[in-house]
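Dropping start-v3.cif in here (mmCIF, C-alpha atoms):
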```
data_entry
#
loop_
_atom_site.label_atom_id
_atom_site.label_comp_id
_atom_site.auth_asym_id
_atom_site.auth_seq_id
_atom_site.Cartn_x
_atom_site.Cartn_y
_atom_site.Cartn_z
CA MET K 7 106.47 -72.12 103.71
CA GLU K 8 105.00 -75.13 105.49
CA PHE K 9 105.76 -73.54 108.87
CA ILE K 10 103.09 -70.86 108.29
CA PRO K 11 99.49 -71.91 109.08
CA LYS K 12 97.55 -72.53 105.85
CA ASN K 13 94.91 -69.83 106.65
CA ILE K 14 97.59 -67.20 106.96
CA GLU K 15 99.42 -68.35 103.86
CA ARG K 16 96.20 -68.19 101.84
CA VAL K 17 95.53 -64.62 103.00
CA ILE K 18 99.08 -63.62 102.03
CA GLU K 19 98.47 -65.18 98.61
CA GLU K 20 95.17 -63.33 98.15
CA PHE K 21 96.70 -59.99 99.14
CA SER K 22 99.69 -60.44 96.84
CA LYS K 23 97.33 -60.87 93.87
CA LEU K 24 96.23 -57.24 94.33
CA PRO K 25 97.93 -54.65 92.12
CA GLY K 26 100.92 -52.92 93.69
CA ILE K 27 101.09 -55.36 96.61
CA GLY K 28 104.17 -57.57 96.62
CA SER K 29 104.69 -60.67 98.72
CA LYS K 30 106.41 -58.73 101.51
CA THR K 31 103.58 -56.18 101.78
CA ALA K 32 101.04 -59.00 101.63
CA GLU K 33 102.78 -60.66 104.60
CA ARG K 34 102.78 -57.40 106.51
CA LEU K 35 99.05 -56.90 105.86
CA ALA K 36 98.18 -60.44 106.94
CA PHE K 37 100.13 -60.20 110.18
CA TYR K 38 98.73 -56.72 110.80
CA LEU K 39 95.20 -58.12 110.55
CA LEU K 40 96.15 -61.05 112.79
CA ARG K 41 96.75 -58.62 115.63
CA LYS K 42 93.19 -57.23 115.25
CA PRO K 43 90.16 -58.66 117.09
CA ASN K 44 88.51 -61.49 115.19
CA GLU K 45 85.29 -59.48 114.70
CA ASP K 46 87.26 -56.81 112.81
CA ILE K 47 88.77 -59.47 110.57
CA LYS K 48 85.36 -61.08 109.97
CA ARG K 49 83.87 -57.68 109.13
CA PHE K 50 86.71 -56.94 106.73
CA GLY K 51 86.18 -60.26 104.95
CA GLU K 52 82.42 -59.90 104.80
CA THR K 53 82.58 -56.31 103.56
CA VAL K 54 84.98 -57.17 100.75
CA GLY K 55 83.04 -60.34 99.90
CA ASN K 56 79.87 -58.29 99.45
CA LEU K 57 81.60 -55.74 97.23
CA LYS K 58 79.60 -56.60 94.12
CA GLU K 59 76.27 -57.29 95.87
CA GLY K 60 73.51 -55.40 94.08
CA ILE K 61 75.92 -53.36 91.98
CA LYS K 62 74.81 -52.70 88.41
CA TYR K 63 75.40 -50.25 85.60
CA CYS K 64 73.36 -47.05 85.64
CA GLY K 65 70.78 -47.29 82.83
CA VAL K 66 71.88 -43.90 81.53
CA CYS K 67 75.57 -43.24 82.16
CA LYS K 68 76.82 -46.80 82.86
CA SER K 69 78.44 -45.78 86.15
CA LEU K 70 78.28 -48.34 88.97
CA THR K 71 75.23 -47.99 91.20
CA THR K 72 72.74 -50.00 93.25
CA GLU K 73 69.76 -48.23 91.63
CA ASP K 74 68.46 -48.45 88.06
CA ILE K 75 69.57 -44.86 87.55
CA CYS K 76 72.58 -43.52 89.49
CA SER K 77 72.36 -40.65 91.93
CA ILE K 78 74.10 -38.24 89.54
CA CYS K 79 71.77 -38.96 86.61
CA ASN K 80 68.87 -38.78 89.06
CA ASN K 81 69.96 -35.43 90.47
CA GLU K 82 67.59 -32.68 89.30
CA SER K 83 70.22 -30.00 89.68
CA ARG K 84 72.70 -31.64 87.29
CA ASP K 85 72.77 -30.46 83.66
CA LYS K 86 71.64 -33.45 81.57
CA GLY K 87 72.64 -31.64 78.37
CA THR K 88 76.38 -31.94 79.12
CA ILE K 89 78.02 -35.36 79.11
CA CYS K 90 81.56 -35.87 80.37
CA ILE K 91 83.15 -39.05 78.99
CA VAL K 92 85.46 -40.81 81.44
CA GLU K 93 87.44 -44.03 81.26
CA ASP K 94 86.37 -45.50 84.59
CA MET K 95 84.77 -44.92 87.98
CA MET K 96 88.01 -43.67 89.53
CA ASP K 97 88.21 -40.83 87.01
CA LEU K 98 84.56 -40.00 87.71
CA ILE K 99 85.29 -39.92 91.44
CA ALA K 100 88.33 -37.66 90.88
CA LEU K 101 86.19 -35.20 88.89
CA GLU K 102 83.36 -35.30 91.45
CA LYS K 103 85.82 -34.61 94.25
CA ALA K 104 87.01 -31.50 92.38
CA ASN K 105 83.43 -30.28 92.94
CA GLN K 106 83.38 -28.21 89.77
CA TYR K 107 81.44 -30.17 87.17
CA LYS K 108 77.65 -29.96 87.21
CA GLY K 109 76.78 -32.02 84.12
CA VAL K 110 76.43 -35.80 83.87
CA TYR K 111 78.86 -38.55 82.85
CA HIS K 112 79.31 -41.47 80.55
CA VAL K 113 81.61 -44.19 81.87
CA LEU K 114 83.33 -46.21 79.13
CA HIS K 115 84.81 -48.81 81.53
CA GLY K 116 88.07 -48.83 79.63
CA VAL K 117 89.68 -47.41 76.52
CA ILE K 118 90.34 -48.96 73.11
CA ALA K 119 93.56 -50.93 73.53
CA PRO K 120 94.11 -53.38 70.65
CA VAL K 121 97.29 -54.74 72.29
CA GLU K 122 95.24 -55.85 75.29
CA GLY K 123 92.41 -57.04 73.10
CA VAL K 124 90.01 -54.26 74.10
CA GLY K 125 87.98 -53.11 71.10
CA PRO K 126 85.11 -50.57 70.97
CA ASP K 127 82.58 -53.36 71.54
CA GLU K 128 84.05 -54.11 74.99
CA LEU K 129 83.26 -50.54 76.03
CA THR K 130 79.99 -48.63 76.42
CA ILE K 131 80.53 -46.63 73.22
CA ALA K 132 77.44 -47.99 71.41
CA GLU K 133 75.33 -46.98 74.43
CA LEU K 134 76.89 -43.51 74.34
CA ILE K 135 76.05 -43.03 70.63
CA GLU K 136 72.52 -44.26 71.31
CA ARG K 137 72.19 -41.85 74.22
CA VAL K 138 73.42 -38.88 72.19
CA LYS K 139 71.16 -39.78 69.25
CA LYS K 140 68.13 -39.45 71.53
CA GLY K 141 68.82 -35.70 71.52
CA GLY K 142 68.94 -32.99 74.19
CA ILE K 143 72.74 -33.02 74.39
CA ASN K 144 74.54 -29.68 73.97
CA GLU K 145 78.10 -30.59 74.80
CA ILE K 146 80.29 -33.67 75.03
CA ILE K 147 83.40 -33.18 77.19
CA ILE K 148 86.10 -35.76 76.59
CA ALA K 149 87.99 -36.38 79.83
CA LEU K 150 90.09 -39.37 78.81
CA ASN K 151 93.72 -39.72 79.85
CA PRO K 152 96.21 -38.19 77.43
CA SER K 153 97.65 -41.59 76.53
CA MET K 154 97.82 -43.22 73.10
CA GLU K 155 94.78 -45.35 73.97
CA GLY K 156 92.89 -42.34 75.35
CA GLU K 157 93.57 -40.36 72.17
CA ALA K 158 92.52 -43.26 69.92
CA THR K 159 89.31 -43.73 71.89
CA ALA K 160 88.54 -40.01 71.73
CA ALA K 161 89.12 -40.05 67.95
CA TYR K 162 86.85 -43.08 67.56
CA ILE K 163 84.04 -41.48 69.53
CA THR K 164 84.23 -38.05 67.90
CA ARG K 165 84.00 -39.66 64.44
CA TYR K 166 80.48 -40.74 65.36
CA ILE K 167 79.42 -37.58 67.19
CA ARG K 168 80.94 -34.95 64.90
CA PRO K 169 78.16 -35.25 62.24
CA MET K 170 75.50 -34.70 64.93
CA ASP K 171 76.38 -31.03 65.31
CA ILE K 172 77.07 -31.18 69.04
CA LYS K 173 79.82 -29.16 70.69
CA ILE K 174 82.73 -31.48 71.50
CA THR K 175 85.42 -30.31 73.92
CA ARG K 176 88.16 -31.91 75.87
CA ILE K 177 89.68 -31.05 79.22
CA ALA K 178 92.78 -28.89 79.07
CA ARG K 179 96.30 -30.24 79.12
CA GLY K 180 98.94 -28.08 80.70
CA ILE K 181 101.09 -27.57 83.74
CA PRO K 182 99.35 -29.09 86.79
CA VAL K 183 98.69 -26.68 89.65
CA GLY K 184 101.68 -26.92 91.97
CA GLY K 185 103.73 -28.39 89.12
CA ASP K 186 107.03 -26.97 87.97
CA LEU K 187 107.61 -25.71 84.43
CA GLU K 188 111.23 -26.79 84.69
CA PHE K 189 110.26 -30.44 85.11
CA ALA K 190 107.36 -30.56 82.65
CA ASP K 191 107.97 -32.71 79.55
CA SER K 192 108.00 -31.01 76.16
CA GLN K 193 104.66 -32.51 75.06
CA THR K 194 102.95 -31.01 78.11
CA LEU K 195 104.63 -27.65 77.50
CA LYS K 196 103.56 -27.79 73.83
CA ARG K 197 99.95 -28.42 74.90
CA ALA K 198 100.16 -25.72 77.58
CA LEU K 199 101.25 -23.17 74.98
CA GLU K 200 98.62 -24.25 72.45
CA GLY K 201 95.94 -24.00 75.08
CA ARG K 202 96.99 -20.59 76.42
CA MET K 203 94.15 -18.33 77.57
CA ASP K 204 93.64 -14.57 77.80
CA TYR K 205 94.98 -13.14 81.03
CA MET V 6 80.80 -39.51 98.30
CA GLU V 7 77.09 -40.32 98.09
CA PHE V 8 77.46 -41.11 94.38
CA ILE V 9 79.48 -44.24 95.17
CA PRO V 10 77.45 -47.36 96.08
CA LYS V 11 77.65 -48.02 99.84
CA ASN V 12 79.19 -51.51 99.38
CA ILE V 13 82.05 -50.07 97.41
CA GLU V 14 82.57 -47.17 99.80
CA ARG V 15 82.72 -49.59 102.74
CA VAL V 16 85.37 -51.69 100.99
CA ILE V 17 87.42 -48.56 100.27
CA GLU V 18 87.14 -47.66 103.97
CA GLU V 19 88.24 -51.12 105.09
CA PHE V 20 91.23 -51.13 102.74
CA SER V 21 92.35 -47.66 103.81
CA LYS V 22 92.51 -48.83 107.43
CA LEU V 23 95.38 -51.15 106.46
CA PRO V 24 98.91 -49.87 107.08
CA GLY V 25 100.57 -48.18 104.12
CA ILE V 26 97.33 -48.03 102.12
CA GLY V 27 96.01 -44.52 101.56
CA SER V 28 92.54 -43.58 100.33
CA LYS V 29 93.67 -43.44 96.70
CA THR V 30 95.24 -46.90 96.82
CA ALA V 31 92.17 -48.22 98.65
CA GLU V 32 89.98 -46.91 95.82
CA ARG V 33 92.22 -48.53 93.24
CA LEU V 34 92.08 -51.88 95.06
CA ALA V 35 88.29 -51.78 95.38
CA PHE V 36 87.76 -50.99 91.69
CA TYR V 37 90.35 -53.58 90.73
CA LEU V 38 88.40 -56.24 92.65
CA LEU V 39 85.13 -55.01 91.10
CA ARG V 40 86.43 -56.09 87.69
CA LYS V 41 87.03 -59.62 88.99
CA PRO V 42 84.39 -62.38 88.86
CA ASN V 43 82.15 -62.40 91.93
CA GLU V 44 83.44 -65.84 93.00
CA ASP V 45 86.98 -64.44 93.21
CA ILE V 46 85.73 -61.57 95.37
CA LYS V 47 83.75 -63.95 97.60
CA ARG V 48 86.79 -66.19 97.98
CA PHE V 49 88.98 -63.22 98.86
CA GLY V 50 86.51 -62.10 101.53
CA GLU V 51 86.05 -65.57 102.96
CA THR V 52 89.78 -66.29 103.03
CA VAL V 53 90.58 -63.07 104.87
CA GLY V 54 87.60 -63.53 107.21
CA ASN V 55 88.93 -66.96 108.21
CA LEU V 56 92.44 -65.65 108.85
CA LYS V 57 92.37 -66.34 112.58
CA GLU V 58 90.37 -69.58 112.43
CA GLY V 59 92.10 -72.24 114.51
CA ILE V 60 95.26 -70.18 114.92
CA LYS V 61 96.94 -70.47 118.32
CA TYR V 62 100.34 -70.01 119.93
CA CYS V 63 102.74 -72.93 119.76
CA GLY V 64 102.98 -74.43 123.26
CA VAL V 65 106.78 -74.24 123.10
CA CYS V 66 107.96 -71.31 121.00
CA LYS V 67 104.77 -69.17 120.90
CA SER V 68 104.84 -68.91 117.10
CA LEU V 69 101.45 -68.95 115.37
CA THR V 70 100.26 -72.41 114.39
CA THR V 71 97.12 -74.52 114.05
CA GLU V 72 98.63 -77.38 116.08
CA ASP V 73 99.48 -77.54 119.79
CA ILE V 74 103.15 -77.61 118.84
CA CYS V 75 104.31 -75.85 115.66
CA SER V 76 105.95 -77.67 112.76
CA ILE V 77 109.39 -76.26 113.60
CA CYS V 78 109.31 -77.35 117.27
CA ASN V 79 107.90 -80.68 116.09
CA ASN V 80 110.65 -81.22 113.52
CA GLU V 81 113.04 -83.96 114.67
CA SER V 82 115.92 -82.58 112.64
CA ARG V 83 115.86 -79.14 114.31
CA ASP V 84 118.29 -78.54 117.17
CA LYS V 85 116.13 -78.01 120.27
CA GLY V 86 119.17 -76.83 122.26
CA THR V 87 119.45 -73.58 120.32
CA ILE V 88 116.75 -70.93 120.67
CA CYS V 89 116.62 -67.90 118.40
CA ILE V 90 114.62 -65.03 119.91
CA VAL V 91 112.64 -63.00 117.36
CA GLU V 92 110.25 -60.08 117.69
CA ASP V 93 107.46 -61.44 115.51
CA MET V 94 106.35 -63.98 112.92
CA MET V 95 107.62 -61.88 110.02
CA ASP V 96 111.16 -61.99 111.40
CA LEU V 97 110.83 -65.76 111.89
CA ILE V 98 109.68 -66.10 108.27
CA ALA V 99 112.61 -63.98 107.05
CA LEU V 100 115.07 -66.20 108.93
CA GLU V 101 113.40 -69.41 107.71
CA LYS V 102 113.56 -68.17 104.13
CA ALA V 103 117.32 -67.64 104.51
CA ASN V 104 117.39 -71.44 104.99
CA GLN V 105 120.43 -71.32 107.25
CA TYR V 106 119.19 -71.73 110.81
CA LYS V 107 118.53 -75.24 112.10
CA GLY V 108 117.62 -74.49 115.72
CA VAL V 109 114.23 -73.48 117.12
CA TYR V 110 112.68 -70.10 117.89
CA HIS V 111 111.00 -68.09 120.58
CA VAL V 112 108.58 -65.45 119.31
CA LEU V 113 108.17 -62.49 121.68
CA HIS V 114 105.26 -60.91 119.72
CA GLY V 115 106.70 -57.46 120.22
CA VAL V 116 109.48 -55.64 122.01
CA ILE V 117 109.50 -53.64 125.22
CA ALA V 118 108.28 -50.16 124.23
CA PRO V 119 107.25 -48.08 127.25
CA VAL V 120 106.12 -45.20 125.01
CA GLU V 121 103.54 -47.47 123.39
CA GLY V 122 102.64 -49.05 126.72
CA VAL V 123 104.26 -52.42 125.94
CA GLY V 124 105.98 -53.83 129.02
CA PRO V 125 107.67 -57.23 129.50
CA ASP V 126 104.35 -58.74 130.65
CA GLU V 127 102.73 -58.10 127.26
CA LEU V 128 105.41 -60.27 125.65
CA THR V 129 106.25 -63.97 125.98
CA ILE V 130 109.36 -63.31 128.07
CA ALA V 131 108.09 -65.16 131.19
CA GLU V 132 107.42 -68.21 128.97
CA LEU V 133 110.93 -67.94 127.56
CA ILE V 134 112.54 -67.86 131.02
CA GLU V 135 110.39 -70.83 132.03
CA ARG V 136 111.41 -72.70 128.90
CA VAL V 137 115.11 -72.05 129.46
CA LYS V 138 114.88 -73.00 133.14
CA LYS V 139 113.65 -76.46 132.14
CA GLY V 140 117.17 -77.11 130.83
CA GLY V 141 118.65 -78.62 127.70
CA ILE V 142 119.41 -75.23 126.14
CA ASN V 143 122.97 -74.63 124.94
CA GLU V 144 122.65 -71.33 123.15
CA ILE V 145 120.30 -68.36 122.99
CA ILE V 146 120.64 -66.31 119.80
CA ILE V 147 119.14 -62.84 120.07
CA ALA V 148 117.80 -61.78 116.65
CA LEU V 149 115.96 -58.60 117.62
CA ASN V 150 116.06 -55.48 115.46
CA PRO V 151 118.94 -53.10 116.29
CA SER V 152 116.51 -50.41 117.51
CA MET V 153 116.36 -48.80 120.95
CA GLU V 154 113.42 -51.06 121.86
CA GLY V 155 115.18 -54.14 120.49
CA GLU V 156 118.32 -53.35 122.53
CA ALA V 157 116.29 -52.72 125.71
CA THR V 158 114.42 -56.00 125.26
CA ALA V 159 117.67 -57.88 124.65
CA ALA V 160 119.15 -56.33 127.81
CA TYR V 161 116.06 -57.27 129.84
CA ILE V 162 116.14 -60.88 128.67
CA THR V 163 119.88 -61.41 129.09
CA ARG V 164 119.67 -60.15 132.69
CA TYR V 165 117.56 -63.23 133.46
CA ILE V 166 119.47 -65.71 131.36
CA ARG V 167 123.05 -64.63 132.12
CA PRO V 168 123.11 -66.34 135.59
CA MET V 169 122.01 -69.63 134.01
CA ASP V 170 125.40 -70.21 132.36
CA ILE V 171 124.04 -70.52 128.84
CA LYS V 172 125.87 -69.16 125.81
CA ILE V 173 124.13 -65.94 124.65
CA THR V 174 124.90 -64.58 121.19
CA ARG V 175 123.35 -62.09 118.90
CA ILE V 176 123.21 -61.90 115.12
CA ALA V 177 125.93 -59.79 113.52
CA ARG V 178 125.49 -56.16 112.58
CA GLY V 179 127.47 -54.91 109.63
CA ILE V 180 127.30 -53.97 106.00
CA PRO V 181 124.41 -55.84 104.34
CA VAL V 182 125.33 -58.01 101.37
CA GLY V 183 124.99 -55.83 98.28
CA GLY V 184 125.20 -52.75 100.49
CA ASP V 185 127.68 -49.95 99.93
CA LEU V 186 130.26 -48.92 102.53
CA GLU V 187 130.04 -45.37 101.28
CA PHE V 188 126.39 -45.09 102.25
CA ALA V 189 126.50 -47.00 105.53
CA ASP V 190 125.84 -44.93 108.65
CA SER V 191 128.62 -44.58 111.19
CA GLN V 192 126.90 -46.78 113.80
CA THR V 193 126.73 -49.62 111.29
CA LEU V 194 130.39 -49.12 110.32
CA LYS V 195 131.37 -49.05 114.00
CA ARG V 196 129.57 -52.37 114.55
CA ALA V 197 131.03 -53.81 111.34
CA LEU V 198 134.56 -53.01 112.56
CA GLU V 199 133.92 -54.33 116.06
CA GLY V 200 132.53 -57.54 114.60
CA ARG V 201 135.36 -58.11 112.13
CA MET V 202 136.32 -61.74 111.52
CA ASP V 203 139.52 -63.52 110.45
CA TYR V 204 139.93 -63.65 106.70
#
```

Take the structure from the file and write it as structure tokens.
Amino acid sequence: MEFIPKNIERVIEEFSKLPGIGSKTAERLAFYLLRKPNEDIKRFGETVGNLKEGIKYCGVCKSLTTEDICSICNNESRDKGTICIVEDMMDLIALEKANQYKGVYHVLHGVIAPVEGVGPDELTIAELIERVKKGGINEIIIALNPSMEGEATAAYITRYIRPMDIKITRIARGIPVGGDLEFADSQTLKRALEGRMDY
Amino acid sequence: MEFIPKNIERVIEEFSKLPGIGSKTAERLAFYLLRKPNEDIKRFGETVGNLKEGIKYCGVCKSLTTEDICSICNNESRDKGTICIVEDMMDLIALEKANQYKGVYHVLHGVIAPVEGVGPDELTIAELIERVKKGGINEIIIALNPSMEGEATAAYITRYIRPMDIKITRIARGIPVGGDLEFADSQTLKRALEGRMDY
């Protein structure tokens, strides 16, 4: 498209590399930004460019932070004896937003996925084992997605932790709140029945 | 969300200001970028930040360009006697991609929308009239969207051009290629019948 200025074409290209953004949406975003004042555009670019500045892994739970120890691990009121294992930061954020969990986390930064070439060594599993071995842990909550990879990762981790005599739990599967029994798949219904609780 | 590093939170904020991108998608985009090498992130930021650098309106057709005259107006093989009026750059791009039109354009950068406070003076209508008055124009093709605002803008423009004895046409409305008669609305069918052509 030699009739589009190079700057604009490059922005469209960059946007369309993002997941879920096709070339049409990328165009729309670029031309939306073009209508904004230049200082807004500059700020957008600078903000995104600085995304990784000073970001590191928390020394304890491997979540992303700008400190040596993240604000959750550093929070006196959180229960350090309970570790919730999550796949990534987005799952951690989802759980934090639910405002229910008062323990700490361990972020794996992925799940074991042999097809994609992700083995246990690409994840923070060794650090998790190390952390648990240090003692003081009462419960490990596995909050991985109920996918094949999530299940395999959970199995891999529990094989190491089981002998340590620590309570291992996993978050419940069942009908989501607001969900409809009629449209739930049979695996979910099976899990919902298995996990039934006293009324 | 004080547990998310400020840099990351700011990027999520910036993304969620974009049209069609909610807070969840913004999060996903930010964490997707975080997994990329820092040079990719820097390049993304810099590219977007430079979006408007050197961009100006073409002196003839008001499309966005880095030159005084855009590459379409400057192209010897394009028919300068035919002007296609479009709402914005995205519509121009769509027409160019169809690879059918060999005339030139006039980009209005909007349509008359009193509700949103956009009057004729906010658009490049005066420049269009001026351009047509200079002579040498055989045909004006109106390629505005078939919305209320598009129709009003077309009516406003033709009122000025009609007395100049220039052929005024507008692009056909009808069933889109691949579309289904059964699902077409009655206005579209009405226009499709009105615009019927010899077989």

| request: Tell me, as a PyMOL selection string, which residues lie within 9 Å of stretch 146-155 of chain V, counting all atoms listed in the file; anything in the same chain fewer than 4 positions away does not count. | output: chain V and resi 87-92+96+116-119+159-160+172-178

| said: Using all atoms listed in the file and a distance of at most 7 Å, pull out the residues of chain V that contact chain K, as a list of chain:residue names. | reply: V:Phe8, V:Ile9, V:Pro10, V:Asn12, V:Ile13, V:Arg15, V:Val16, V:Glu19, V:Leu23, V:Leu34, V:Leu39, V:Asn43, V:Ile46, V:Lys47, V:Phe49, V:Gly50, V:Glu51, V:Thr52, V:Val53, V:Gly54, V:Asn55, V:Leu56, V:Lys57, V:Thr70, V:Thr71, V:Ser76, V:Ile77

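You will find atom CA of V:Asp170 at 10.0 Å from atom CA of V:Ile142.
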
Residues matched by the PyMOL selection byres ((chain K and resi 201) around 12) as a compact mmCIF listing (two decimals) with C-alpha atoms, keeping the file's coordinate frame:
```txt
# COMPACT_ATOMS: atom_id res chain seq x y z
CA ARG K 176 88.16 -31.91 75.87
CA ILE K 177 89.68 -31.05 79.22
CA ALA K 178 92.78 -28.89 79.07
CA ARG K 179 96.30 -30.24 79.12
CA GLY K 180 98.94 -28.08 80.70
CA ILE K 181 101.09 -27.57 83.74
CA THR K 194 102.95 -31.01 78.11
CA LEU K 195 104.63 -27.65 77.50
CA LYS K 196 103.56 -27.79 73.83
CA ARG K 197 99.95 -28.42 74.90
CA ALA K 198 100.16 -25.72 77.58
CA LEU K 199 101.25 -23.17 74.98
CA GLU K 200 98.62 -24.25 72.45
CA ARG K 202 96.99 -20.59 76.42
CA MET K 203 94.15 -18.33 77.57
CA ASP K 204 93.64 -14.57 77.80
```

| query | Separation of atom CA of V:Ser28 and atom CA of V:Glu121, in Å? | reply | 25.8 Å

| query | atom CA of V:Val109 and atom CA of V:Glu135 are how many Å apart? | reply | 15.6 Å

| Can you list, as a list in words, the residues that the PyMOL selection byres ((chain V and resi 127) around 10) selects here? | Leu113, His114, Gly115, Val116, Ile117, Gly122, Val123, Gly124, Pro125, Asp126, Leu128, Thr129, Ile130 and Ala131 of chain V

| Need the neighbours of (115.2, -76.6, 112.6): which residues are at most 8 Å away, counting only C-alpha atoms, as number ranges by chain? | V: 77-78, 80-85, 106-109
